[in-house]
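Printed here is data04.cif (mmCIF, C-alpha atoms):
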```cif
data_model
loop_
_atom_site.group_PDB
_atom_site.id
_atom_site.type_symbol
_atom_site.label_atom_id
_atom_site.label_comp_id
_atom_site.auth_asym_id
_atom_site.auth_seq_id
_atom_site.Cartn_x
_atom_site.Cartn_y
_atom_site.Cartn_z
ATOM 1 C CA MET A 1 2.070 6.238 -38.072
ATOM 2 C CA HIS A 2 3.773 7.347 -34.849
ATOM 3 C CA THR A 3 6.850 9.511 -34.737
ATOM 4 C CA PRO A 4 9.807 7.587 -33.292
ATOM 5 C CA ILE A 5 11.055 8.585 -29.842
ATOM 6 C CA THR A 6 14.375 10.386 -29.965
ATOM 7 C CA SER A 7 17.130 9.914 -27.404
ATOM 8 C CA ASN A 8 16.288 13.387 -26.013
ATOM 9 C CA ASP A 9 12.653 12.341 -25.586
ATOM 10 C CA TYR A 10 13.748 9.147 -23.867
ATOM 11 C CA GLN A 11 16.061 11.062 -21.498
ATOM 12 C CA LEU A 12 13.258 13.477 -20.643
ATOM 13 C CA LEU A 13 10.872 10.604 -19.893
ATOM 14 C CA GLN A 14 13.514 8.953 -17.706
ATOM 15 C CA GLN A 15 14.015 12.193 -15.761
ATOM 16 C CA LEU A 16 10.244 12.605 -15.345
ATOM 17 C CA ARG A 17 10.005 9.056 -13.978
ATOM 18 C CA ILE A 18 12.821 9.690 -11.484
ATOM 19 C CA THR A 19 11.195 12.946 -10.378
ATOM 20 C CA GLN A 20 7.857 11.158 -10.014
ATOM 21 C CA GLN A 21 9.450 8.380 -7.936
ATOM 22 C CA GLU A 22 10.946 10.972 -5.580
ATOM 23 C CA ALA A 23 7.575 12.737 -5.291
ATOM 24 C CA THR A 24 5.819 9.406 -4.695
ATOM 25 C CA ARG A 25 8.252 8.555 -1.903
ATOM 26 C CA LEU A 26 7.352 11.835 -0.173
ATOM 27 C CA TYR A 27 3.630 11.427 -0.907
ATOM 28 C CA LEU A 28 3.560 8.018 0.779
ATOM 29 C CA ARG A 29 4.828 9.633 4.006
ATOM 30 C CA LEU A 30 1.537 11.521 4.256
ATOM 31 C CA THR A 31 -1.440 10.129 6.112
ATOM 32 C CA PRO A 32 -4.456 9.179 3.959
ATOM 33 C CA CYS A 33 -6.251 12.304 5.236
ATOM 34 C CA GLU A 34 -3.302 14.507 4.280
ATOM 35 C CA GLN A 35 -3.147 12.835 0.856
ATOM 36 C CA GLN A 36 -6.784 13.633 0.274
ATOM 37 C CA VAL A 37 -6.439 17.251 1.394
ATOM 38 C CA LEU A 38 -3.413 17.576 -0.905
ATOM 39 C CA GLU A 39 -5.477 16.379 -3.870
ATOM 40 C CA LEU A 40 -8.299 18.784 -3.079
ATOM 41 C CA ILE A 41 -5.871 21.709 -2.705
ATOM 42 C CA ALA A 42 -4.312 20.749 -6.040
ATOM 43 C CA ASN A 43 -7.788 20.809 -7.552
ATOM 44 C CA GLY A 44 -8.128 24.436 -6.502
ATOM 45 C CA LEU A 45 -10.414 24.134 -3.490
ATOM 46 C CA PRO A 46 -10.027 26.534 -0.553
ATOM 47 C CA ASN A 47 -9.982 25.243 3.042
ATOM 48 C CA LYS A 48 -13.650 26.069 3.637
ATOM 49 C CA ALA A 49 -14.778 24.063 0.592
ATOM 50 C CA ILE A 50 -12.506 21.143 1.511
ATOM 51 C CA ALA A 51 -13.902 21.140 5.058
ATOM 52 C CA SER A 52 -17.459 21.081 3.752
ATOM 53 C CA LEU A 53 -16.694 18.365 1.213
ATOM 54 C CA ILE A 54 -15.030 16.001 3.683
ATOM 55 C CA CYS A 55 -17.322 16.867 6.606
ATOM 56 C CA ARG A 56 -14.540 18.194 8.810
ATOM 57 C CA SER A 57 -13.939 21.533 10.483
ATOM 58 C CA ILE A 58 -11.888 24.221 8.789
ATOM 59 C CA LYS A 59 -9.399 23.936 11.671
ATOM 60 C CA THR A 60 -8.914 20.232 10.914
ATOM 61 C CA VAL A 61 -8.320 20.967 7.236
ATOM 62 C CA GLU A 62 -5.862 23.726 8.161
ATOM 63 C CA LYS A 63 -4.029 21.272 10.431
ATOM 64 C CA HIS A 64 -3.799 18.637 7.667
ATOM 65 C CA ARG A 65 -2.690 21.292 5.194
ATOM 66 C CA SER A 66 0.008 22.596 7.532
ATOM 67 C CA LYS A 67 1.306 19.111 8.310
ATOM 68 C CA LEU A 68 1.413 17.966 4.687
ATOM 69 C CA MET A 69 3.202 21.114 3.564
ATOM 70 C CA LYS A 70 5.772 20.675 6.338
ATOM 71 C CA LYS A 71 6.310 16.984 5.484
ATOM 72 C CA LEU A 72 6.764 17.828 1.795
ATOM 73 C CA GLY A 73 8.905 20.905 2.464
ATOM 74 C CA LEU A 74 6.478 23.225 0.675
ATOM 75 C CA SER A 75 5.682 26.816 1.626
ATOM 76 C CA SER A 76 2.998 27.949 -0.825
ATOM 77 C CA VAL A 77 0.037 26.748 -2.854
ATOM 78 C CA CYS A 78 2.143 27.282 -5.974
ATOM 79 C CA GLU A 79 4.681 24.776 -4.622
ATOM 80 C CA VAL A 80 1.841 22.363 -3.800
ATOM 81 C CA LEU A 81 0.710 22.541 -7.431
ATOM 82 C CA ARG A 82 4.246 22.005 -8.712
ATOM 83 C CA PHE A 83 4.594 18.973 -6.416
ATOM 84 C CA TRP A 84 1.238 17.621 -7.627
ATOM 85 C CA CYS A 85 2.378 17.975 -11.251
ATOM 86 C CA ARG A 86 5.605 16.082 -10.514
ATOM 87 C CA LEU A 87 3.574 13.386 -8.780
ATOM 88 C CA ARG A 88 0.906 13.025 -11.472
ATOM 89 C CA TRP A 89 2.703 14.059 -14.700
ATOM 90 C CA ASP A 90 1.810 10.795 -16.431
ATOM 91 C CA GLU A 91 -1.899 11.510 -16.013
ATOM 92 C CA PHE A 92 -1.515 14.920 -17.605
ATOM 93 C CA ILE A 93 0.678 13.806 -20.494
ATOM 94 C CA LEU A 94 -0.226 10.164 -21.091
ATOM 95 C CA GLY A 95 -3.794 10.187 -19.814
ATOM 96 C CA THR A 96 -3.178 7.152 -17.584
ATOM 97 C CA PRO A 97 -4.077 7.266 -13.900
ATOM 98 C CA THR A 98 -1.188 7.255 -11.445
ATOM 99 C CA GLN A 99 -1.235 4.170 -9.228
ATOM 100 C CA PHE A 100 0.144 4.430 -5.708
ATOM 101 C CA PRO A 101 1.157 1.281 -3.827
ATOM 102 C CA GLN A 102 -0.300 2.243 -0.444
ATOM 103 C CA PRO A 103 -4.029 1.554 0.021
ATOM 104 C CA VAL A 104 -6.133 3.800 2.237
ATOM 105 C CA PRO A 105 -6.734 2.049 5.596
ATOM 106 C CA HIS A 106 -10.294 0.865 6.156
ATOM 107 C CA ASN A 107 -10.897 3.063 9.205
ATOM 108 C CA GLU A 108 -10.005 6.372 7.504
ATOM 109 C CA TRP A 109 -12.483 8.787 5.945
ATOM 110 C CA THR A 110 -12.412 8.900 2.172
ATOM 111 C CA LEU A 111 -13.881 11.055 -0.540
ATOM 112 C CA HIS A 112 -15.940 9.131 -3.055
ATOM 113 C CA LYS A 113 -15.332 10.864 -6.348
ATOM 114 C CA SER A 114 -18.454 9.454 -7.954
ATOM 115 C CA THR A 115 -20.693 11.202 -5.435
ATOM 116 C CA GLN A 116 -18.303 13.993 -4.364
ATOM 117 C CA SER A 117 -19.232 13.386 -0.737
ATOM 118 C CA ALA A 118 -17.200 12.353 2.256
ATOM 119 C CA THR A 119 -18.061 9.263 4.244
ATOM 120 C CA MET A 120 -16.692 7.344 7.178
ATOM 121 C CA THR A 121 -15.739 3.772 6.302
#
```

Show the structure stored in the file as structure tokens.
Amino acid sequence: MHTPITSNDYQLLQQLRITQQEATRLYLRLTPCEQQVLELIANGLPNKAIASLICRSIKTVEKHRSKLMKKLGLSSVCEVLRFWCRLRWDEFILGTPTQFPQPVPHNEWTLHKSTQSATMT
């Protein structure tokens, strides 16, 4: 038997949803490449590892990182992680994947999680 949700729980969930919507709005301003670099940073990878994984130069990764942090108004990796948690809280708490409405354009490079390799599409 499940414990009923209290009004405090409901208010907290509502606030988390609002915070996630605000984070999603900012996230969708990023290019697909910046979105991918953001995810890899949030997963703890340094620039050199990200560059190797997506088959790009370290300079390119640094450029994407700089641009995404500026667009999101972030100044440290700690803030990137906090943003990522606001964006993906439902995955952490509920175990359901976060769905974003914007598909990655066909001509952009993407990381295939199943193989952990970058490819051009």

* For the file shown, report as a list in words the outcome of the PyMOL selection byres ((chain A and resi 24) around 10) at residue level. => Ile18, Thr19, Gln20, Gln21, Glu22, Ala23, Arg25, Leu26, Tyr27, Leu28, Arg29, Phe83, Trp84, Arg86, Leu87, Arg88, Thr98, Gln99, Phe100 and Pro101 of chain A

* Counting only C-alpha atoms, the residue of A:Leu72, A:Ile58, A:Leu81, A:Thr6 that sits nearest Asn43 (chain A) -> A:Leu81

* Enter the distance from CA of Thr31 (chain A) to CA of Lys63 (chain A), in Å, rounded to one decimal. => 12.2 Å

Given 8 Å on each side, where is the centre and what are the edge lengths in Å to one decimal of the axis-aligned box enclosing the listed atoms of region 64-75 of chain A, as AutoDock Vina command-line options?
```
--center_x 2.6 --center_y 21.9 --center_z 4.5 --size_x 28.7 --size_y 25.8 --size_z 23.6
```

* Mind telling me what the PyMOL selection byres ((chain A and resi 68) around 8) catches here, as a list of chain:residue names? -> A:Leu30, A:Glu34, A:Gln35, A:Leu38, A:His64, A:Arg65, A:Ser66, A:Lys67, A:Met69, A:Lys70, A:Lys71, A:Leu72

* Å distance separating CA of Gln14 (chain A) from CA of Arg82 (chain A), one decimal place -> 18.4 Å

* To do: Work out how far apart CA of Ile54 (chain A) and CA of Ala42 (chain A) are and give it in Å to one decimal.
  => 15.2 Å

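Shortest separation to Pro46 (chain A) among A:Glu62, A:Leu74, A:Asn8, A:Gln15 occurs at residue A:Glu62, atoms counted being all atoms listed in the file.
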